[in-house]
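Structure first, commentary second.
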Amino acid sequence: MTKYLLGVAAIALMAGSVQAEDTSGKRIALSNNYAGNSWRQAMLQSFEEVATKAVADGVVAAADAYTTSENQATEQAAQIQNMILQGYDAIVMNSASPTALNGAVQEACAAGITVVSFDGVVTEPCAWRIAVDFQQMGREQVDYLATRIPDGGNLLEIRGLAGVFVDDEISAGIHDGVAKHSQFEIVGSVHGDWAQDVAQKAVAGILPSLPEIVGVVTQGGDGYGAAQAFKAAGRDMPLIVLGNRQDELQWWSDVHAESGYETMSLSIAPGVASLAFWVAQQILAGEEVPKDLTVPFLTITQDTLAESLETTPAGSVANIAYGMEDAKEVIASAK
Amino acid sequence: MSTQSASRTPLAVLISRPWIWSWAAAALAFAATLGLTSGRGAGELAYAALSFGAFAAIVGMGQMLVITLGPGNIDLSVPATMTLAATLALRTMGTEPGTALYGLVIALAVGFCVGIANFALIFLLRLPPIIATLAASLIYQSIAIWSNRGLRIKPPEGLAEFATGRFLGVPNVAWVALVLAILVWVLLERLTWGRWLLATGQNQRAARLAGVPVEAVRAVTYVSVAIFAALAGYLLASFSGGAALNMGTEYLLMSIAVVVIGGCSVAGGDSNVPGVWGAALFMFLVVSMLNSYGTGAGVRNVLTGTIIICIVIAASTRRARQ
C-alpha cells in the first residue's frame, strides 16, 4: 500500500501537479492512552467534532476514537493490534511511551497502515510525528519573565509527572532559559503532576523554606494551584506563567481587574488531535508529507485573554480546532 | 494492649505505643525543614501540614477500618470514589450559593451507593475485595468522566471559603478530620461494634462462632470507607477550586501508606487512629522536607520509601515484643 501510494505520488509529481486521491472510502482510528484529565477530554472532543463532520461530509468513511482504560503501553499495543485486524487505513495515536509501542507501530506499518503520532510521539521511523517543541515552551517562559522582571530574582519551578519525557523536556528548556538569563535563579523545584491540587499541596509545603519568589515557571495545569498556595500563605503574588486552563485564565482575568496583574499563558492546544486527523487524511490522499512535523503551541497574552476566556468552556482548556487547510500549511512549512 | 505497662516507666509505655513512631517521624521532618530556614515559617508549615494532612487522614481512617477487617480486605476504589462524589456534588451545586449542604448530601449518597455496590460484588459474587474494588473503580471513574467530560466546576463561594478557612488558627478541614478521628476512636475503643470489627479482623471464623454478625460488620465497614472517601473528595474539590478527573490519583497509595505507617497491623485486627493522623502529617512533611532540601524526584522517592520502611519496622518490632 505504501509503495503504491509512493508510486502514485511520484507519478503525480512527474506529471507536474499533485492529484489528490479520493479518501472517501478510507477508515481512520484514534488510539488514545489516557482520558483522565480535562486536557485529554478536550482532545477527545476536538477529535470527535472534526471526525463526525469529516464522515458526514464524505471525506472519510469512518473515524473512530478508542481510549485504553489504564495508561499502559502494553494495553495500547494490544489496542493497535486490534486496529490492524479491523482493517483501518490509518491510525492516529497519542502514545503512552515514545519507545514501548514501536513494535506494534511497526506491525501496523508492515500491514500498510499509515501511523501518525502526536503529543505523545513514537520514535519508530515508519510513523509520522506531530511534535511540540517542549524545550522551547520552557525557554519562552524564562524569556518572558526576563522582559517583565529585568532585574531578575528567585524562581520556583513546578514540574510535571516525574519520569515522563515531556516533563524532562520542558524542565530542560526552563533551565536552558535560566542559564541564558543569569539574573534568575531557581531556588525551589516541586512536582505538581500537572494537577492543580497536587501542585497546590507541593507549593504549600515548600513555600515556608523559600526566600522571596518573583516568578513561577510551570508546565500547565498547575498555575492555579500555585496561586492558591501563595494566597493561603499570605505571600506577595509572584508572576506565575499559566497553562491555558480556563480556571487559570479566569483567575488571571479577575486579579487583572483587581490589581492590574499581568502574565502569559501557554500550552499545546488539545485540538492537535484534529490536526493529526487531517495530516493522516492528507497522507491517505497521496500527499507527500515529511515524517517530522511541528505544531506551534497556543500562547495567550494580556491582549488575547478576554477573547480566549470567552471561547473556552468553563472548566476546560483553551483550544484551537484545526482544519484541512491548517494541516496543509503545517505540512508545507515542514517541507 | 499490654498488661505489663503498669510496671514500666512512662517513657517505656510511650515507646510501646505503635502510633508514636509516625508522630516522631512527623516531628523530625518538621524540625528538619525548619532547620533549613532557622525556624522561620514554622506556623505556615504546620498550617499547610494540617490542611493537606486532613485529606489523607480522612481517607486513611476509612482504609484503616477496611484493613482492620483482616487479610485480603482493602478498598482500591478510593480515588475513583473521591472523584465521582466530588464531580457529581460540584456539578449539582453548579456554583449556586447556599447549596453546600445539598452538595454534601449528594457526595455522601454517592459514597453510600459505592460502598453498597462494592460490598455487593464482594459478598454476592464472592470476588476477592482487591479485584472487586479495582474493577468497580473503573466503572466509577467512567461515570465521573461521562457525567461531566472532565470540566472543572468551581465550588460555591461560601463552601470554598469554609474549606480554605480557619477556626482558632486551625484549618477547618483539619477540624472535620479531627472530629471524625474522635468518632472513629470512640467507635473502635468504646463501642461493641468496634470490638466486633477487631474480632472479625483477628479471626473471622472464631468471631462468627462467637456470635459476631461478621457479614454485617463487613458491609458497614465497606460503606464507611466509601463515605469517608466521598467526604474527602467533596472537601478536596471545595478546597482546591473544583473537581478534576485526576484529583484522587495520589490518594490510593496514600490511604494505604498512612495506615501502615500509623502502626496498624496490615494483617488486620489492630487499628490505630492517632497513628493514622501522625502518618498523614508525616506524608506531607517528608515531601516538603525533601523538596526544601532540593532533592530530585528520584532521590526523593527512594528516601521516602526508605523512611517508610524504617518506620514500619520500628513500629512492628515494638508490637512483636509485647
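Identifiers in the C-alpha cells: chain A, B, ... in order shown; residue index from 1 per chain; ligand index from 1 in order shown.
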
For this session: Do me a favour and pick out the residues of chain B within 7 Å of chain A, using only C-alpha atoms, as JSON, numbers by chain.
Result: {"B": [36, 37, 41, 44, 45, 48, 52, 149, 150, 151, 152, 153, 240, 244, 245, 246, 247, 288, 291, 292, 294, 297]}

Output the selection as a PDB file, in the first residue's frame - C-alpha atoms for each residue.
```
ATOM      1  CA  LEU B  36      16.868  24.942  56.785  1.00  0.00           C
ATOM      2  CA  THR B  37      15.057  28.216  57.457  1.00  0.00           C
ATOM      3  CA  GLY B  41       7.819  29.819  58.690  1.00  0.00           C
ATOM      4  CA  GLU B  44       2.995  28.412  57.931  1.00  0.00           C
ATOM      5  CA  LEU B  45       4.356  24.873  57.544  1.00  0.00           C
ATOM      6  CA  ALA B  48      -0.158  23.602  55.494  1.00  0.00           C
ATOM      7  CA  PHE B  52      -3.293  18.708  53.469  1.00  0.00           C
ATOM      8  CA  ARG B 149     -16.472  15.296  30.418  1.00  0.00           C
ATOM      9  CA  GLY B 150     -13.668  16.462  32.682  1.00  0.00           C
ATOM     10  CA  LEU B 151     -14.894  20.027  33.063  1.00  0.00           C
ATOM     11  CA  ARG B 152     -13.710  21.599  36.289  1.00  0.00           C
ATOM     12  CA  ILE B 153     -16.673  23.229  38.034  1.00  0.00           C
ATOM     13  CA  SER B 240      -8.641  23.299  45.561  1.00  0.00           C
ATOM     14  CA  ALA B 244     -10.744  17.241  38.432  1.00  0.00           C
ATOM     15  CA  LEU B 245     -10.764  13.739  36.968  1.00  0.00           C
ATOM     16  CA  ASN B 246      -7.291  13.010  38.334  1.00  0.00           C
ATOM     17  CA  MET B 247      -7.856  14.523  41.779  1.00  0.00           C
ATOM     18  CA  SER B 288       8.032  19.173  51.914  1.00  0.00           C
ATOM     19  CA  ASN B 291      11.568  19.457  48.322  1.00  0.00           C
ATOM     20  CA  SER B 292      13.010  22.129  50.604  1.00  0.00           C
ATOM     21  CA  GLY B 294      16.184  20.401  46.766  1.00  0.00           C
ATOM     22  CA  ALA B 297      12.339  13.314  42.128  1.00  0.00           C
TER      23      ALA B 297
END
```

For this session: For segment 176-182 of chain A, please output as a list of chain:residue names all residues within 8 Å (counting only C-alpha atoms; exclusion window: fewer than 6 positions along the same chain).
Result: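 In the requested form, the answer reads A:Gly138, A:Arg139, A:Glu140, A:Gln141, A:Val142, A:Asp143, A:Ala146.
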
For this session: Apply DSSP to the structure's backbone, then extract all residues of segment 80-306 of chain A labelled helix (DSSP H, G or I) and return them as a PyMOL selection string.
Result: chain A and resi 80-85+102-110+134-148+165-180+196-209+223-232+246-259+272-284+302-306

Those same residues, written as a short mmCIF file (atom, residue, chain, number, x, y, z; two decimals), in the first residue's frame with C-alpha atoms?
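Saved to part_4.cif:
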```cif
data_model
loop_
_atom_site.label_atom_id
_atom_site.label_comp_id
_atom_site.auth_asym_id
_atom_site.auth_seq_id
_atom_site.Cartn_x
_atom_site.Cartn_y
_atom_site.Cartn_z
CA ILE A 80 -3.24 -1.19 17.94
CA GLN A 81 -3.09 -4.88 17.02
CA ASN A 82 -6.88 -4.95 17.13
CA MET A 83 -6.98 -1.93 14.83
CA ILE A 84 -4.72 -3.74 12.37
CA LEU A 85 -7.13 -6.71 12.38
CA ASN A 102 7.46 0.79 18.40
CA GLY A 103 6.85 -2.93 17.87
CA ALA A 104 3.11 -2.52 17.46
CA VAL A 105 3.60 0.52 15.23
CA GLN A 106 6.00 -1.45 13.05
CA GLU A 107 3.40 -4.22 12.65
CA ALA A 108 0.85 -1.62 11.60
CA CYS A 109 3.26 -0.13 9.05
CA ALA A 110 4.02 -3.61 7.72
CA PHE A 134 8.60 21.36 24.59
CA GLN A 135 12.07 22.77 25.31
CA GLN A 136 11.08 25.93 23.51
CA MET A 137 8.00 26.08 25.73
CA GLY A 138 10.29 26.18 28.76
CA ARG A 139 12.71 28.71 27.25
CA GLU A 140 9.90 31.04 26.23
CA GLN A 141 8.65 31.25 29.81
CA VAL A 142 12.01 32.48 31.09
CA ASP A 143 12.37 34.85 28.11
CA TYR A 144 9.03 36.34 29.03
CA LEU A 145 9.98 36.69 32.69
CA ALA A 146 13.18 38.46 31.62
CA THR A 147 11.19 41.08 29.74
CA ARG A 148 8.87 41.63 32.72
CA PHE A 165 9.51 12.58 28.68
CA VAL A 166 7.51 15.83 28.43
CA ASP A 167 8.43 16.80 32.00
CA ASP A 168 12.15 16.38 31.30
CA GLU A 169 11.91 18.35 28.06
CA ILE A 170 10.07 21.39 29.45
CA SER A 171 12.29 21.44 32.51
CA ALA A 172 15.43 21.27 30.32
CA GLY A 173 14.10 24.26 28.37
CA ILE A 174 13.46 26.20 31.57
CA HIS A 175 16.96 25.51 32.88
CA ASP A 176 18.35 26.49 29.50
CA GLY A 177 16.46 29.78 29.74
CA VAL A 178 17.74 30.40 33.25
CA ALA A 179 21.30 29.78 32.05
CA LYS A 180 20.76 32.42 29.39
CA GLN A 196 -3.94 21.84 40.44
CA ASP A 197 -4.49 20.11 43.78
CA VAL A 198 -1.15 18.28 43.70
CA ALA A 199 0.67 21.49 42.71
CA GLN A 200 -1.11 23.42 45.46
CA LYS A 201 -0.01 20.87 48.04
CA ALA A 202 3.60 20.74 46.85
CA VAL A 203 3.94 24.52 46.69
CA ALA A 204 2.33 24.98 50.13
CA GLY A 205 4.90 22.54 51.51
CA ILE A 206 7.99 24.19 50.08
CA LEU A 207 6.97 27.85 50.48
CA PRO A 208 7.88 28.25 54.16
CA SER A 209 11.51 27.41 53.37
CA GLY A 223 -0.68 27.55 37.83
CA TYR A 224 -3.99 27.99 39.62
CA GLY A 225 -2.96 25.61 42.40
CA ALA A 226 0.30 27.55 42.83
CA ALA A 227 -1.61 30.83 43.05
CA GLN A 228 -3.91 29.35 45.72
CA ALA A 229 -0.91 28.22 47.75
CA PHE A 230 0.74 31.68 47.58
CA LYS A 231 -2.53 33.28 48.59
CA ALA A 232 -3.04 30.90 51.53
CA GLN A 246 -9.98 28.00 31.99
CA ASP A 247 -9.78 28.34 35.79
CA GLU A 248 -6.30 29.83 35.40
CA LEU A 249 -7.46 32.29 32.75
CA GLN A 250 -10.47 33.26 34.87
CA TRP A 251 -8.23 33.85 37.88
CA TRP A 252 -5.84 35.91 35.75
CA SER A 253 -8.71 38.00 34.42
CA ASP A 254 -10.04 38.54 37.99
CA VAL A 255 -6.72 39.62 39.50
CA HIS A 256 -6.01 41.78 36.47
CA ALA A 257 -9.28 43.64 37.09
CA GLU A 258 -8.35 43.98 40.76
CA SER A 259 -4.71 44.93 40.65
CA VAL A 272 -3.70 18.90 17.93
CA ALA A 273 -5.72 15.66 17.67
CA SER A 274 -7.77 17.20 14.88
CA LEU A 275 -4.57 18.35 13.17
CA ALA A 276 -3.26 14.79 13.35
CA PHE A 277 -6.51 13.56 11.82
CA TRP A 278 -6.14 15.90 8.84
CA VAL A 279 -2.46 15.04 8.41
CA ALA A 280 -3.43 11.35 8.27
CA GLN A 281 -6.13 12.19 5.73
CA GLN A 282 -3.59 14.12 3.62
CA ILE A 283 -1.19 11.18 3.67
CA LEU A 284 -4.00 8.84 2.61
CA GLN A 302 -2.96 40.06 28.05
CA ASP A 303 -4.32 41.26 24.70
CA THR A 304 -5.90 37.94 23.74
CA LEU A 305 -7.02 36.96 27.26
CA ALA A 306 -10.59 38.25 27.03
#
```

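For Asn319 of chain A, the non-local neighbours within 7 Å, defined as residues at least 5 positions apart in the same chain or in other chains and counting only C-alpha atoms, are Ala269, Pro270 and Gly271 of chain A.
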
Problem set entry | Close residues, Ile122 of chain B itself excluded, 12 Å, only C-alpha atoms, min 6 positions apart in chain, as a list in words |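 Using only C-alpha atoms, the neighbours found are Gly72, Asn73, Ile74, Asp75, Gly115, Ile116, Pro128, Pro129, Ile130, Ile131, Ala132, Thr133, Leu134, Ala135, Ala136, Glu215, Arg218, Ala219 and Tyr222 of chain B.
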
For this session: Do a neighbour search on Phe118 of chain A at 6 Å with only C-alpha atoms, toss out local chain neighbours closer than 6 positions, and write the hits as a list of chain:residue names.
Result: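 Final neighbour list, sorted by chain and number: A:Asn94, A:Arg129, A:Ile130, A:Ala131.
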
Would you export the selected residues with N, CA and C atoms as a short mmCIF file (atom, residue, chain, number, x, y, z; two decimals), in the first residue's frame, please?
```
data_model
loop_
_atom_site.label_atom_id
_atom_site.label_comp_id
_atom_site.auth_asym_id
_atom_site.auth_seq_id
_atom_site.Cartn_x
_atom_site.Cartn_y
_atom_site.Cartn_z
N ASN A 94 -1.92 8.96 20.25
CA ASN A 94 -1.23 9.66 21.32
C ASN A 94 -0.65 8.54 22.18
N ARG A 129 5.32 11.99 12.95
CA ARG A 129 5.33 12.60 14.28
C ARG A 129 4.87 14.05 14.19
N ILE A 130 3.86 14.40 14.97
CA ILE A 130 3.48 15.81 15.08
C ILE A 130 3.87 16.22 16.49
N ALA A 131 5.04 16.85 16.60
CA ALA A 131 5.60 17.09 17.92
C ALA A 131 5.51 18.56 18.29
#
```

Problem set entry | From B:Ala230, B:Val287, B:Val259, B:Ala29, residue lying nearest Asn301 of chain B [only C-alpha atoms] | B:Val287

For this session: From a DSSP calculation on the backbone, collect every residue of segment 57-122 of chain A in strand (DSSP E) and output the set as a list of chain:residue names.
Result: A:Ala62, A:Ala63, A:Asp64, A:Ala65, A:Tyr66, A:Thr67, A:Ala90, A:Ile91, A:Val92, A:Met93, A:Asn94, A:Thr114, A:Val115, A:Val116, A:Ser117, A:Phe118

Exercise. Neighbours of Gly262 of chain B within 7 Å (only C-alpha atoms; same-chain residues fewer than 4 positions away dropped), as an MDAnalysis selection string?
Worked result: chainID B and resid 19 22 258 272 275:276 278:279

For N, CA and C atoms, I'd like the residues from the last selection saved as a PDB file, in the first residue's frame.
```pdb
ATOM      1  N   TRP B  19       1.738   4.037  67.606  1.00  0.00           N
ATOM      2  CA  TRP B  19       1.490   5.303  66.899  1.00  0.00           C
ATOM      3  C   TRP B  19       2.584   6.323  67.123  1.00  0.00           C
ATOM      4  N   SER B  22       5.000   7.276  64.001  1.00  0.00           N
ATOM      5  CA  SER B  22       4.614   8.183  62.929  1.00  0.00           C
ATOM      6  C   SER B  22       4.663   9.628  63.417  1.00  0.00           C
ATOM      7  N   VAL B 258      -0.639   5.598  54.949  1.00  0.00           N
ATOM      8  CA  VAL B 258      -0.842   6.167  56.283  1.00  0.00           C
ATOM      9  C   VAL B 258      -1.318   5.107  57.279  1.00  0.00           C
ATOM     10  N   ASN B 272      -5.492   1.860  64.726  1.00  0.00           N
ATOM     11  CA  ASN B 272      -4.764   2.853  65.477  1.00  0.00           C
ATOM     12  C   ASN B 272      -5.070   4.245  64.925  1.00  0.00           C
ATOM     13  N   GLY B 275      -2.257   7.133  65.202  1.00  0.00           N
ATOM     14  CA  GLY B 275      -1.147   6.832  64.298  1.00  0.00           C
ATOM     15  C   GLY B 275      -1.446   7.271  62.877  1.00  0.00           C
ATOM     16  N   VAL B 276      -2.691   7.094  62.449  1.00  0.00           N
ATOM     17  CA  VAL B 276      -3.063   7.483  61.087  1.00  0.00           C
ATOM     18  C   VAL B 276      -2.917   8.996  60.914  1.00  0.00           C
ATOM     19  N   GLY B 278      -0.892  10.962  62.624  1.00  0.00           N
ATOM     20  CA  GLY B 278       0.553  11.264  62.606  1.00  0.00           C
ATOM     21  C   GLY B 278       1.143  10.949  61.251  1.00  0.00           C
ATOM     22  N   ALA B 279       0.721   9.805  60.681  1.00  0.00           N
ATOM     23  CA  ALA B 279       1.251   9.391  59.382  1.00  0.00           C
ATOM     24  C   ALA B 279       0.817  10.344  58.287  1.00  0.00           C
TER      25      ALA B 279
END
```

For this session: Identify, on the basis of only C-alpha atoms, every residue whose closest approach to Met264 of chain A does not exceed 8 Å; exclude the query and any residue fewer than 3 positions from it along the same chain; express the result as a PyMOL selection string.
Result: chain A and resi 144+241-242+299-302

For those residues, write C-alpha atoms to a file as a PDB file, in the first residue's frame.
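Contents of the output file out_27.pdb:
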```
ATOM      1  CA  TYR A 144       9.030  36.340  29.029  1.00  0.00           C
ATOM      2  CA  VAL A 241       3.210  31.584  33.962  1.00  0.00           C
ATOM      3  CA  LEU A 242      -0.081  29.809  33.298  1.00  0.00           C
ATOM      4  CA  THR A 299       0.101  31.356  23.623  1.00  0.00           C
ATOM      5  CA  ILE A 300      -2.317  33.697  25.372  1.00  0.00           C
ATOM      6  CA  THR A 301      -1.221  37.235  26.230  1.00  0.00           C
ATOM      7  CA  GLN A 302      -2.958  40.064  28.047  1.00  0.00           C
TER       8      GLN A 302
END
```

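In this structure, atom CA of Leu30 of chain A sits 8.0 Å away from atom CA of Thr67 of chain A.
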
Exercise. Distance atom CA of Leu188 of chain B-atom CA of Trp175 of chain B, one decimal place?
Worked result: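 Spanning atom CA of Leu188 of chain B to atom CA of Trp175 of chain B is a straight-line distance of 19.8 Å.
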